[in-house]
Amino acid sequence: MLRYSAAAKTALAAAFVFGIAILFPFDTPDRVSVPVGSVWNNRDVIAPFSFPVPIPHEQYQNAVDSVKTSILPRFSHDPGAAVNSMKDFNAVWNAFSERMLARNTQPDTVGILVPIAPEEVNARNAFAGMNETNVRRTMAAAKVLANNVLSSAVTQGIIDVAKDGVHSNAIMVREGHEEQERSRDSVRDTAQILGYLRLALSEQHIPPELTNAVAAMLRITLQPTLRYDARATEVERQYAIERIPRTLSIVARGERIVANGERIDAATLAKLNAWQEAQSARGETNATLPKYFSAVCFMLLMGILIVFYLFSLRKRLLADNQQLAIIGVILLFEAAFAFISMRVGDTFPVEYLIIAPAAAMLCTILFDSRTGFFFAVVTALITAAIRGGDNSYGLAAMVSGGLAAFTVRDLRSRTQLFRSIGYIFLGYAIAIVSFSLERADPFSRVLQELSFAAITAVFSPVITYASLIVFEKVFHVSSDLTLLEFDNINHPLLKELSNKAPGTFHHTMVIADMAERAANAIGANPILAKTGAYYHDIGKIKKPDFFVENQRDKKSRHERLTPQMSAQIISQHVKDGVALAKEYKLPQKIIDFIPMHHGTTVIAYFYDRALRRRRREDVNVEDFRYPGPKPQSKETAIVMLADSVEATVRSVPGLDERTIGTYIERTVRNRFLEGQLDECDLTANDILNIKEQFAGMLTGLHHPRIEYPAEVAGEPSQGAMTQDSLTGGEQIPEQTSESNGGNQLTGNSDASLRGNGLPIQETDTI
């Protein structure tokens, strides 16, 4: 069976060790996790070799951007453009002037005036009412102004791009092999020249229609004298970028990088990171192999530590591969979160989002508080190691995880999970503030770390609750929260037990109280012990009349049966109980109590009857033995002992405190000598505490009562002697070998069983 297979256990261990080891940062250089402004509390760092300190990426990018804006745009001068502009404008103007003076009403549709045909029509219409002299005078004035503007523009320089697109305050103009820097304000673009022209014409009261025509003529004849050279500009920029230094400085061999007690500034931090990156770069091609081997060794040590803990204190967890798989999955997820936190970067304290407290809470709820605290420590060590030995985070995770385990150790409701928020944040806050004071971190950094810790504190219970549901469904395990759903006497199975077997139901309630008290006394799980006790005898629902606590008359159903048949009916209630439990979908933890509370004990009463009827060699003791298994946990062992003790004490009425203690001692000792407690982890001190709890409770249940006078009781006062008055309250058993029609152990039955070499073993009264 894989659940208890040694091969499967080995495979789980290998997956745990190698799976988490691969998450260690062996393939990238470690980054120094100390913030700027803190104090270096480690040993002095001396450079073992010379190495450069690179400029941080952001600083280099800022330098590149600065260079790009500092390089002036390049323009090439075109000397022929000025002459061509003047020549073309005059040609267009002459043609326009002749048509205007000739009063030609048809616009030019084939000549050089085609582009300004609309403006020509508008100008002719504006001059329709003017005489020729005024027309000539106006046009002459317009031409003079246009020539002046054009002459000034070509002299200053006309660029072929919009001035708004030139972001520098100057430009470089190349004439031949020489370059000259010129102010951007000293040159003009086409829009600016046309604006000057319109302003000059409007100031001389030139009609708007003629102004538009002149502007149109200038627009189609104007040629840029300075042309933008994009290629030359880009070459200059690339050359300037290449001259930007890539290193801040060179650290010489033997130079002290940082000393103990020295405050970390930006330059020192850059040197530390450059040193670590240089170490990685100088390694051989297989430099990652030693680091991976180191990570595997670390995980092996963690594995050994876990095995030692489980072997010493939780053997049942070590034996169960399903439980080990749960632990492995929890630790793997925490390791994955630590790995992601390293890849995100160190701008923010993302390590406080690893939710390590959730691992401690899950282990506490699924197993127990001691296991939860232990794995809080293991989780902190593993995640801190994956983060490159981040001891400050490791301590914070350890403290918060321990407090988280403390808050859920006695979980009674799902809402109780959320009381852990304050404890988790308290643990983080203590560690963060302590290390911040030691490193002299700035307040902004402390506030940032506390904020991230608060986020983890809030989300840890939520993630724990969600993960708990997943683990219960996938691995079919039951937490205390699940068990609490069955800690209810109104459960259909218990109601059916109460209706069909009321004596067994009362017995069950007593056993549940005894088990809960004993579990609390020895540090076992009281919820599991109590809930398991509720359902340990549900198999008696099938045939309740075969058990004496449910018989309403003195006639036993076993009188006409052979001892073997009676023993088979009695032991059948274990199989019936398991079947009923599975039918009602009880958790496996509760089902385990049904066979384990009897273990492999012998049904001694019927075995004794068989021996009385036949010779010993003709009777097979295995026919009278429960199928088992023996108790595997403290809780199932407690219920076995409670069941045995309660049945034994109940069978002998009128016991005092001393006699009850004697019966408890004898019954528990017999179970121990039979080997029924060999497979659980009860200690001698646990057994002593259990007996004390049983004695206290049973003494209260069987306390002596005042014997009232006969007159008060309504009975004859003289000459009437009852059995109770003769025996002092102790019932005298019948002296036949089949007394009471069942297996209640009285003084006689006890003696007869010991005479046959068997200790007292009966727990089910029949």
# chains A, B, ... in the order shown; residues from 1 in each chain; ligands from 1
call {"tool": "residues_around", "arguments": {"residues": "Ile112 of chain A", "least_positions_apart": "5", "cutoff": "9 Å", "atoms": "only C-alpha atoms", "output": "list in words"}}
result
Ala91, Val92 and Ala95 of chain A
call {"tool": "write_last_selection", "arguments": {"atoms": "all heavy atoms", "output": "mmCIF file, in the first residue's frame"}}
result
data_model
loop_
_atom_site.group_PDB
_atom_site.id
_atom_site.type_symbol
_atom_site.label_atom_id
_atom_site.label_comp_id
_atom_site.auth_asym_id
_atom_site.auth_seq_id
_atom_site.Cartn_x
_atom_site.Cartn_y
_atom_site.Cartn_z
ATOM 1 N N ALA A 91 9.073 85.855 -61.084
ATOM 2 C CA ALA A 91 8.412 85.362 -62.297
ATOM 3 C C ALA A 91 6.916 85.217 -62.073
ATOM 4 O O ALA A 91 6.096 85.610 -62.913
ATOM 5 C CB ALA A 91 9.022 84.014 -62.693
ATOM 6 N N VAL A 92 6.542 84.641 -60.936
ATOM 7 C CA VAL A 92 5.121 84.482 -60.640
ATOM 8 C C VAL A 92 4.463 85.842 -60.462
ATOM 9 O O VAL A 92 3.333 86.082 -60.913
ATOM 10 C CB VAL A 92 4.946 83.614 -59.383
ATOM 11 C CG1 VAL A 92 3.483 83.568 -58.964
ATOM 12 C CG2 VAL A 92 5.443 82.207 -59.632
ATOM 13 N N ALA A 95 3.784 87.610 -63.866
ATOM 14 C CA ALA A 95 2.642 87.032 -64.576
ATOM 15 C C ALA A 95 1.331 87.461 -63.910
ATOM 16 O O ALA A 95 0.351 87.792 -64.587
ATOM 17 C CB ALA A 95 2.753 85.506 -64.574
#
call {"tool": "closest_atom_pairs", "arguments": {"of": "segment 284-379 of chain A", "to": "segment 410-418 of chain A", "cutoff": "10 Å", "atoms": "only C-alpha atoms", "output": "tab-separated table"}}
result
residue	atom	partner	partner_atom	distance
A:Met361	CA	A:Leu417	CA	8.7
A:Thr364	CA	A:Asp410	CA	9.3
A:Ile365	CA	A:Leu411	CA	7.5
A:Asp368	CA	A:Asp410	CA	9.3
A:Ser369	CA	A:Asp410	CA	8.5
call {"tool": "atom_distance", "arguments": {"atom1": "atom CA of Ile469 of chain A", "atom2": "atom CA of Ala360 of chain A"}}
result
16.0 Å
call {"tool": "closest_residue", "arguments": {"among": "A:Ala15, A:Ile541, A:Ile603, A:Ala524", "to": "Leu300 of chain A", "atoms": "only C-alpha atoms"}}
result
A:Ala15
call {"tool": "residues_around", "arguments": {"residues": "Lys68 of chain A", "least_positions_apart": "4", "cutoff": "9 Å", "atoms": "only C-alpha atoms", "output": "ChimeraX atom specification"}}
result
/A:63-64,72,237-238,240-241
call {"tool": "write_last_selection", "arguments": {"atoms": "N, CA and C atoms", "output": "PDB file, in the first residue's frame"}}
result
ATOM      1  N   ALA A  63      21.642  59.375 -18.318  1.00  0.00           N
ATOM      2  CA  ALA A  63      22.748  59.984 -19.048  1.00  0.00           C
ATOM      3  C   ALA A  63      22.521  59.908 -20.555  1.00  0.00           C
ATOM      4  N   VAL A  64      21.997  58.784 -21.021  1.00  0.00           N
ATOM      5  CA  VAL A  64      21.703  58.637 -22.447  1.00  0.00           C
ATOM      6  C   VAL A  64      20.655  59.657 -22.883  1.00  0.00           C
ATOM      7  N   LEU A  72      22.941  68.854 -30.896  1.00  0.00           N
ATOM      8  CA  LEU A  72      22.172  69.801 -31.709  1.00  0.00           C
ATOM      9  C   LEU A  72      21.809  69.172 -33.046  1.00  0.00           C
ATOM     10  N   ARG A 237      24.689  61.641 -32.294  1.00  0.00           N
ATOM     11  CA  ARG A 237      24.101  61.175 -31.030  1.00  0.00           C
ATOM     12  C   ARG A 237      24.701  59.833 -30.614  1.00  0.00           C
ATOM     13  N   GLN A 238      24.845  58.907 -31.547  1.00  0.00           N
ATOM     14  CA  GLN A 238      25.420  57.602 -31.225  1.00  0.00           C
ATOM     15  C   GLN A 238      26.865  57.738 -30.769  1.00  0.00           C
ATOM     16  N   ALA A 240      28.123  60.290 -29.229  1.00  0.00           N
ATOM     17  CA  ALA A 240      28.109  60.860 -27.880  1.00  0.00           C
ATOM     18  C   ALA A 240      27.694  59.805 -26.848  1.00  0.00           C
ATOM     19  N   ILE A 241      26.740  58.934 -27.211  1.00  0.00           N
ATOM     20  CA  ILE A 241      26.298  57.878 -26.291  1.00  0.00           C
ATOM     21  C   ILE A 241      27.430  56.904 -26.016  1.00  0.00           C
TER      22      ILE A 241
END
call {"tool": "closest_residue", "arguments": {"among": "A:Ile424, A:Ala457, A:Gly661, A:Ser76", "to": "Glu181 of chain A", "atoms": "only C-alpha atoms"}}
result
A:Ser76
call {"tool": "residues_around", "arguments": {"residues": "Ala338 of chain A", "least_positions_apart": "2", "cutoff": "8 Å", "atoms": "only C-alpha atoms", "output": "PDB file with C-alpha atoms, in the first residue's frame"}}
result
ATOM      1  CA  GLU A 334       6.467  28.389   0.925  1.00  0.00           C
ATOM      2  CA  ALA A 335       9.773  27.782  -0.886  1.00  0.00           C
ATOM      3  CA  ALA A 336       8.143  28.792  -4.183  1.00  0.00           C
ATOM      4  CA  ILE A 340       9.320  34.445  -6.476  1.00  0.00           C
ATOM      5  CA  SER A 341      10.185  37.147  -3.953  1.00  0.00           C
ATOM      6  CA  MET A 342      13.812  36.967  -5.101  1.00  0.00           C
ATOM      7  CA  GLU A 351       9.757  38.986   1.446  1.00  0.00           C
ATOM      8  CA  ILE A 354       5.723  34.981   1.643  1.00  0.00           C
ATOM      9  CA  THR A 383      12.702  30.527   3.044  1.00  0.00           C
ATOM     10  CA  ALA A 384      15.532  32.590   4.557  1.00  0.00           C
ATOM     11  CA  ILE A 386      16.378  30.594  -0.496  1.00  0.00           C
ATOM     12  CA  ARG A 387      16.536  34.356  -0.095  1.00  0.00           C
TER      13      ARG A 387
END
